[in-house]
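Text of target_3.pdb (PDB, C-alpha atoms) as supplied:
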```pdb
ATOM      1  CA  MET O   1       9.901  -5.153  13.890  1.00  0.00           C
ATOM      2  CA  PRO O   2       7.846  -2.003  13.421  1.00  0.00           C
ATOM      3  CA  VAL O   3       4.168  -2.317  12.569  1.00  0.00           C
ATOM      4  CA  ILE O   4       2.060   0.526  11.195  1.00  0.00           C
ATOM      5  CA  ARG O   5      -1.705   0.222  11.650  1.00  0.00           C
ATOM      6  CA  LEU O   6      -4.189   2.522   9.931  1.00  0.00           C
ATOM      7  CA  VAL O   7      -7.986   2.538   9.727  1.00  0.00           C
ATOM      8  CA  THR O   8      -9.789   4.555   7.061  1.00  0.00           C
ATOM      9  CA  ALA O   9     -13.594   4.845   7.003  1.00  0.00           C
ATOM     10  CA  ILE O  10     -14.963   5.062   3.466  1.00  0.00           C
ATOM     11  CA  ARG O  11     -18.591   5.600   2.441  1.00  0.00           C
ATOM     12  CA  SER O  12     -18.449   3.275  -0.533  1.00  0.00           C
ATOM     13  CA  PRO O  13     -19.142  -0.413  -1.197  1.00  0.00           C
ATOM     14  CA  ILE O  14     -16.546  -2.865   0.090  1.00  0.00           C
ATOM     15  CA  GLU O  15     -15.857  -4.273  -3.393  1.00  0.00           C
ATOM     16  CA  ARG O  16     -15.034  -0.812  -4.757  1.00  0.00           C
ATOM     17  CA  CYS O  17     -12.687  -0.063  -1.851  1.00  0.00           C
ATOM     18  CA  PHE O  18     -10.972  -3.434  -2.259  1.00  0.00           C
ATOM     19  CA  ASP O  19     -10.439  -2.942  -5.985  1.00  0.00           C
ATOM     20  CA  LEU O  20      -9.230   0.656  -5.646  1.00  0.00           C
ATOM     21  CA  SER O  21      -6.659  -0.530  -3.096  1.00  0.00           C
ATOM     22  CA  ARG O  22      -5.095  -2.886  -5.634  1.00  0.00           C
ATOM     23  CA  ASP O  23      -5.292  -0.507  -8.595  1.00  0.00           C
ATOM     24  CA  ILE O  24      -1.817   0.167 -10.000  1.00  0.00           C
ATOM     25  CA  ASP O  25      -2.861   3.408 -11.726  1.00  0.00           C
ATOM     26  CA  LEU O  26      -4.419   4.855  -8.574  1.00  0.00           C
ATOM     27  CA  HIS O  27      -1.338   3.919  -6.558  1.00  0.00           C
ATOM     28  CA  THR O  28       0.779   5.818  -9.081  1.00  0.00           C
ATOM     29  CA  ARG O  29      -1.477   8.884  -8.652  1.00  0.00           C
ATOM     30  CA  SER O  30      -1.028   8.727  -4.874  1.00  0.00           C
ATOM     31  CA  THR O  31       2.774   8.694  -5.098  1.00  0.00           C
ATOM     32  CA  GLU O  32       3.423  11.593  -7.465  1.00  0.00           C
ATOM     33  CA  GLN O  33       5.777  13.172  -4.887  1.00  0.00           C
ATOM     34  CA  THR O  34       8.195  10.235  -5.272  1.00  0.00           C
ATOM     35  CA  GLY O  35       7.810   9.817  -9.034  1.00  0.00           C
ATOM     36  CA  GLU O  36       6.753   6.213  -8.451  1.00  0.00           C
ATOM     37  CA  ILE O  37       6.011   4.199 -11.568  1.00  0.00           C
ATOM     38  CA  ALA O  38       5.310   0.529 -12.241  1.00  0.00           C
ATOM     39  CA  ILE O  39       8.061  -0.771 -14.532  1.00  0.00           C
ATOM     40  CA  ALA O  40       7.576  -4.567 -14.577  1.00  0.00           C
ATOM     41  CA  GLY O  41       4.963  -7.211 -13.864  1.00  0.00           C
ATOM     42  CA  VAL O  42       1.459  -5.783 -13.638  1.00  0.00           C
ATOM     43  CA  THR O  43       1.990  -2.144 -14.645  1.00  0.00           C
ATOM     44  CA  THR O  44      -1.591  -0.949 -15.075  1.00  0.00           C
ATOM     45  CA  GLY O  45      -5.071  -1.894 -13.888  1.00  0.00           C
ATOM     46  CA  LEU O  46      -5.837  -4.292 -11.045  1.00  0.00           C
ATOM     47  CA  ILE O  47      -3.206  -6.587  -9.561  1.00  0.00           C
ATOM     48  CA  GLY O  48      -4.442 -10.010  -8.471  1.00  0.00           C
ATOM     49  CA  PRO O  49      -3.470 -13.250  -6.756  1.00  0.00           C
ATOM     50  CA  ASP O  50       0.165 -14.362  -7.172  1.00  0.00           C
ATOM     51  CA  GLN O  51       0.925 -11.415  -9.469  1.00  0.00           C
ATOM     52  CA  GLU O  52       3.915  -9.120  -9.041  1.00  0.00           C
ATOM     53  CA  VAL O  53       4.676  -5.472  -9.682  1.00  0.00           C
ATOM     54  CA  THR O  54       8.049  -3.743  -9.673  1.00  0.00           C
ATOM     55  CA  TRP O  55       7.970  -0.099  -8.632  1.00  0.00           C
ATOM     56  CA  GLU O  56      10.649   2.502  -9.220  1.00  0.00           C
ATOM     57  CA  ALA O  57      10.632   5.675  -7.120  1.00  0.00           C
ATOM     58  CA  ASN O  58      12.762   8.324  -5.428  1.00  0.00           C
ATOM     59  CA  HIS O  59      12.880   7.991  -1.648  1.00  0.00           C
ATOM     60  CA  PHE O  60      15.318  10.046   0.417  1.00  0.00           C
ATOM     61  CA  GLY O  61      16.986  11.288  -2.769  1.00  0.00           C
ATOM     62  CA  VAL O  62      17.797   7.777  -4.012  1.00  0.00           C
ATOM     63  CA  ARG O  63      16.186   6.052  -6.997  1.00  0.00           C
ATOM     64  CA  GLN O  64      14.991   2.670  -5.701  1.00  0.00           C
ATOM     65  CA  ARG O  65      13.231  -0.412  -7.006  1.00  0.00           C
ATOM     66  CA  LEU O  66      10.799  -2.575  -5.075  1.00  0.00           C
ATOM     67  CA  THR O  67       9.049  -5.741  -6.231  1.00  0.00           C
ATOM     68  CA  THR O  68       5.988  -7.030  -4.413  1.00  0.00           C
ATOM     69  CA  ARG O  69       3.749 -10.057  -4.910  1.00  0.00           C
ATOM     70  CA  ILE O  70       0.134 -10.561  -3.902  1.00  0.00           C
ATOM     71  CA  THR O  71       0.558 -13.524  -1.525  1.00  0.00           C
ATOM     72  CA  VAL O  72      -2.942 -13.625   0.022  1.00  0.00           C
ATOM     73  CA  PHE O  73      -6.145 -12.800  -1.850  1.00  0.00           C
ATOM     74  CA  ASN O  74      -9.696 -13.110  -0.499  1.00  0.00           C
ATOM     75  CA  ARG O  75     -11.854 -10.589  -2.386  1.00  0.00           C
ATOM     76  CA  PRO O  76     -13.347  -8.349  -1.018  1.00  0.00           C
ATOM     77  CA  PHE O  77     -12.109  -8.869   2.538  1.00  0.00           C
ATOM     78  CA  HIS O  78      -8.332  -9.163   2.537  1.00  0.00           C
ATOM     79  CA  PHE O  79      -5.190  -9.180   0.446  1.00  0.00           C
ATOM     80  CA  ARG O  80      -1.500  -9.049   1.271  1.00  0.00           C
ATOM     81  CA  ASP O  81       1.370  -7.706  -0.748  1.00  0.00           C
ATOM     82  CA  SER O  82       4.800  -8.950   0.303  1.00  0.00           C
ATOM     83  CA  GLN O  83       8.221  -7.711  -0.721  1.00  0.00           C
ATOM     84  CA  VAL O  84      10.027 -10.017  -3.125  1.00  0.00           C
ATOM     85  CA  ASP O  85      12.979  -7.677  -3.687  1.00  0.00           C
ATOM     86  CA  GLY O  86      13.764  -4.192  -2.445  1.00  0.00           C
ATOM     87  CA  ALA O  87      15.259  -1.932   0.185  1.00  0.00           C
ATOM     88  CA  PHE O  88      13.542  -3.444   3.223  1.00  0.00           C
ATOM     89  CA  GLN O  89      14.889  -6.601   4.777  1.00  0.00           C
ATOM     90  CA  ARG O  90      11.272  -7.777   4.470  1.00  0.00           C
ATOM     91  CA  PHE O  91       7.703  -6.511   4.606  1.00  0.00           C
ATOM     92  CA  ASP O  92       4.118  -7.694   4.493  1.00  0.00           C
ATOM     93  CA  HIS O  93       1.327  -5.195   3.903  1.00  0.00           C
ATOM     94  CA  ASP O  94      -2.083  -6.573   4.822  1.00  0.00           C
ATOM     95  CA  HIS O  95      -5.207  -4.793   3.561  1.00  0.00           C
ATOM     96  CA  TYR O  96      -8.405  -5.721   5.437  1.00  0.00           C
ATOM     97  CA  PHE O  97     -11.929  -4.571   4.578  1.00  0.00           C
ATOM     98  CA  GLU O  98     -15.160  -4.819   6.547  1.00  0.00           C
ATOM     99  CA  VAL O  99     -18.576  -3.212   6.406  1.00  0.00           C
ATOM    100  CA  THR O 100     -20.049  -1.499   9.464  1.00  0.00           C
ATOM    101  CA  ASN O 101     -23.753  -1.480  10.421  1.00  0.00           C
ATOM    102  CA  ASP O 102     -24.270   1.857   8.644  1.00  0.00           C
ATOM    103  CA  GLY O 103     -22.747   0.572   5.378  1.00  0.00           C
ATOM    104  CA  THR O 104     -19.381   2.306   5.754  1.00  0.00           C
ATOM    105  CA  THR O 105     -16.381   0.275   4.654  1.00  0.00           C
ATOM    106  CA  LEU O 106     -13.489   0.163   7.087  1.00  0.00           C
ATOM    107  CA  MET O 107     -10.182  -0.212   5.280  1.00  0.00           C
ATOM    108  CA  LYS O 108      -7.524  -1.446   7.693  1.00  0.00           C
ATOM    109  CA  ASP O 109      -3.835  -1.498   6.849  1.00  0.00           C
ATOM    110  CA  VAL O 110      -1.224  -3.461   8.756  1.00  0.00           C
ATOM    111  CA  PHE O 111       2.266  -2.740   7.414  1.00  0.00           C
ATOM    112  CA  ASP O 112       4.734  -5.056   9.145  1.00  0.00           C
ATOM    113  CA  TYR O 113       8.364  -4.608   8.154  1.00  0.00           C
ATOM    114  CA  THR O 114      11.995  -5.068   9.065  1.00  0.00           C
ATOM    115  CA  SER O 115      14.459  -2.404   8.012  1.00  0.00           C
ATOM    116  CA  PRO O 116      17.818  -3.375   6.539  1.00  0.00           C
ATOM    117  CA  LEU O 117      21.201  -2.639   8.140  1.00  0.00           C
ATOM    118  CA  GLY O 118      20.644  -4.082  11.616  1.00  0.00           C
ATOM    119  CA  TRP O 119      20.932  -1.495  14.393  1.00  0.00           C
ATOM    120  CA  LEU O 120      21.273   1.340  11.848  1.00  0.00           C
ATOM    121  CA  GLY O 121      17.881   0.333  10.433  1.00  0.00           C
ATOM    122  CA  ILE O 122      16.383   0.264  13.928  1.00  0.00           C
ATOM    123  CA  LEU O 123      17.747   3.758  14.541  1.00  0.00           C
ATOM    124  CA  ALA O 124      16.347   4.951  11.181  1.00  0.00           C
ATOM    125  CA  ASP O 125      12.924   3.544  12.164  1.00  0.00           C
ATOM    126  CA  HIS O 126      12.895   5.598  15.351  1.00  0.00           C
ATOM    127  CA  LEU O 127      14.288   8.758  13.777  1.00  0.00           C
ATOM    128  CA  PHE O 128      12.282   8.995  10.554  1.00  0.00           C
ATOM    129  CA  LEU O 129      11.373   5.834   8.626  1.00  0.00           C
ATOM    130  CA  LYS O 130       8.273   4.756  10.570  1.00  0.00           C
ATOM    131  CA  SER O 131       6.740   8.246  10.423  1.00  0.00           C
ATOM    132  CA  TYR O 132       7.679   8.544   6.720  1.00  0.00           C
ATOM    133  CA  MET O 133       5.978   5.237   5.907  1.00  0.00           C
ATOM    134  CA  ARG O 134       2.902   6.155   7.975  1.00  0.00           C
ATOM    135  CA  ALA O 135       2.521   9.443   6.074  1.00  0.00           C
ATOM    136  CA  PHE O 136       3.116   7.662   2.745  1.00  0.00           C
ATOM    137  CA  LEU O 137       0.341   5.137   3.478  1.00  0.00           C
ATOM    138  CA  MET O 138      -2.039   7.785   4.861  1.00  0.00           C
ATOM    139  CA  LYS O 139      -1.703   9.851   1.686  1.00  0.00           C
ATOM    140  CA  ARG O 140      -2.503   6.787  -0.403  1.00  0.00           C
ATOM    141  CA  ASN O 141      -5.529   5.959   1.752  1.00  0.00           C
ATOM    142  CA  LEU O 142      -6.888   9.487   1.521  1.00  0.00           C
ATOM    143  CA  LEU O 143      -6.814   9.293  -2.281  1.00  0.00           C
ATOM    144  CA  ILE O 144      -8.553   5.895  -2.218  1.00  0.00           C
ATOM    145  CA  LYS O 145     -11.228   7.405   0.053  1.00  0.00           C
ATOM    146  CA  LYS O 146     -11.637  10.467  -2.191  1.00  0.00           C
ATOM    147  CA  VAL O 147     -11.981   8.398  -5.352  1.00  0.00           C
ATOM    148  CA  ALA O 148     -14.272   5.812  -3.764  1.00  0.00           C
ATOM    149  CA  GLU O 149     -16.635   8.412  -2.343  1.00  0.00           C
ATOM    150  CA  ALA O 150     -16.645  11.006  -5.132  1.00  0.00           C
ATOM    151  CA  GLU O 151     -15.732   9.626  -8.525  1.00  0.00           C
ATOM    152  CA  PRO O 152     -17.991   7.160 -10.360  1.00  0.00           C
ATOM    153  CA  SER O 153     -14.907   5.419 -11.833  1.00  0.00           C
ATOM    154  CA  ILE O 154     -11.170   5.956 -11.933  1.00  0.00           C
TER     155      ILE O 154
END
```
Please go through the file and, once you have read it, give me the structure as structure tokens.
Amino acid sequence: MPVIRLVTAIRSPIERCFDLSRDIDLHTRSTEQTGEIAIAGVTTGLIGPDQEVTWEANHFGVRQRLTTRITVFNRPFHFRDSQVDGAFQRFDHDHYFEVTNDGTTLMKDVFDYTSPLGWLGILADHLFLKSYMRAFLMKRNLLIKKVAEAEPSI
């Protein structure tokens, strides 16, 4: 099972970083390259505990749908979104937040997933999927950082 770990340092209050990370509209802005839109469940604003969102996007030239649910919620320190339905066999995406001594918020992502299709999925992970997902998450995190540090509100 591949695991992607990212740490992003953000000079903004922990609560703001936490809320921006669960903002549906900001997520949509960060995924313009895939045409990702929220089509069911929470489709705008902040997603919260036990709520779901269904995303539709183009990945690898295929229009796909993915539904996730917020399965853990401890504002402003941690939340988890887990796949309910979609292309992966399964995934859990944990978002952790902590404040350093200088007031910087560390946003830590742990994306733990299992690809579908058995050994073909394992091969896809090694060839392209893990690096694709890492880049996808990094782009999202960079937008969260930019908005948190520069814009008074989204």
Quick one: contact table of stretch 51-104 of chain O to stretch 108-112 of chain O, 6 Å max, nearest atom pair and distance in Å to one decimal per residue, counting only C-alpha atoms, chain and number order, as JSON lines?
```
{"residue": "O:Phe91", "atom": "CA", "partner": "O:Asp112", "partner_atom": "CA", "distance": 5.6}
{"residue": "O:Asp92", "atom": "CA", "partner": "O:Asp112", "partner_atom": "CA", "distance": 5.4}
{"residue": "O:His93", "atom": "CA", "partner": "O:Phe111", "partner_atom": "CA", "distance": 4.4}
{"residue": "O:Asp94", "atom": "CA", "partner": "O:Val110", "partner_atom": "CA", "distance": 5.1}
{"residue": "O:His95", "atom": "CA", "partner": "O:Asp109", "partner_atom": "CA", "distance": 4.9}
{"residue": "O:Tyr96", "atom": "CA", "partner": "O:Lys108", "partner_atom": "CA", "distance": 4.9}
```
Inset, instruction - Name the residues that the PyMOL selection byres ((chain O and resi 57-69) around 6) pulls out of this structure, and write them as a count of residues only. - result: 17
Inset, instruction - I need the residue set behind the PyMOL selection byres ((chain O and resi 141) around 10) for this file; please write it as a ChimeraX atom specification. - result: /O:6-10,20-21,27,30,107-109,135-140,142-147
Inset, instruction - Between atom CA of O:Gly121 and atom CA of O:Ile37, measure the distance and give it in Å to one decimal. - result: 25.3 Å
Name every residue that the PyMOL selection byres ((chain O and resi 102) around 12) selects in this structure, writing the answer as a compact mmCIF listing (two decimals) with C-alpha atoms, keeping the file's coordinate frame with chains first and numbers rising.
```
# COMPACT_ATOMS: atom_id res chain seq x y z
CA ALA O 9 -13.59 4.84 7.00
CA ILE O 10 -14.96 5.06 3.47
CA ARG O 11 -18.59 5.60 2.44
CA SER O 12 -18.45 3.28 -0.53
CA PRO O 13 -19.14 -0.41 -1.20
CA GLU O 98 -15.16 -4.82 6.55
CA VAL O 99 -18.58 -3.21 6.41
CA THR O 100 -20.05 -1.50 9.46
CA ASN O 101 -23.75 -1.48 10.42
CA GLY O 103 -22.75 0.57 5.38
CA THR O 104 -19.38 2.31 5.75
CA THR O 105 -16.38 0.28 4.65
CA LEU O 106 -13.49 0.16 7.09
```
Legend entry - Selected residue of minimal separation from O:Cys17 among O:Phe97, O:Leu123, O:Leu117, O:Phe128, counting all atoms listed in the file: O:Phe97
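Relative to atom CA of O:Arg75, atom CA of O:Asp19 is found at 8.6 Å.
Counting from atom CA of O:Pro76, the distance to atom CA of O:Glu15 is 5.3 Å.
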Please enclose the listed atoms of stretch 55-61 of chain O in an axis-aligned box, pad each side by 4 Å, and write out the centre and the three edge lengths in Å, rounded to one decimal, as lines of an AutoDock Vina configuration file.
```
center_x = 12.5
center_y = 5.6
center_z = -4.4
size_x = 17.0
size_y = 19.4
size_z = 17.6
```
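All protein and nucleic acid residues in the vicinity of (3.8, -3.9, 16.8), that is within 12 Å when counting only C-alpha atoms, are Met1, Pro2, Val3, Ile4, Arg5, Val110, Phe111, Asp112, Tyr113, Thr114 and Lys130 of chain O.
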Write a file of the just-selected residues containing C-alpha atoms, as a tab-separated table (two decimals), in the coordinates of the input.
```
chain	number	residue	atom	x	y	z
O	1	MET	CA	9.90	-5.15	13.89
O	2	PRO	CA	7.85	-2.00	13.42
O	3	VAL	CA	4.17	-2.32	12.57
O	4	ILE	CA	2.06	0.53	11.20
O	5	ARG	CA	-1.70	0.22	11.65
O	110	VAL	CA	-1.22	-3.46	8.76
O	111	PHE	CA	2.27	-2.74	7.41
O	112	ASP	CA	4.73	-5.06	9.14
O	113	TYR	CA	8.36	-4.61	8.15
O	114	THR	CA	12.00	-5.07	9.06
O	130	LYS	CA	8.27	4.76	10.57
```
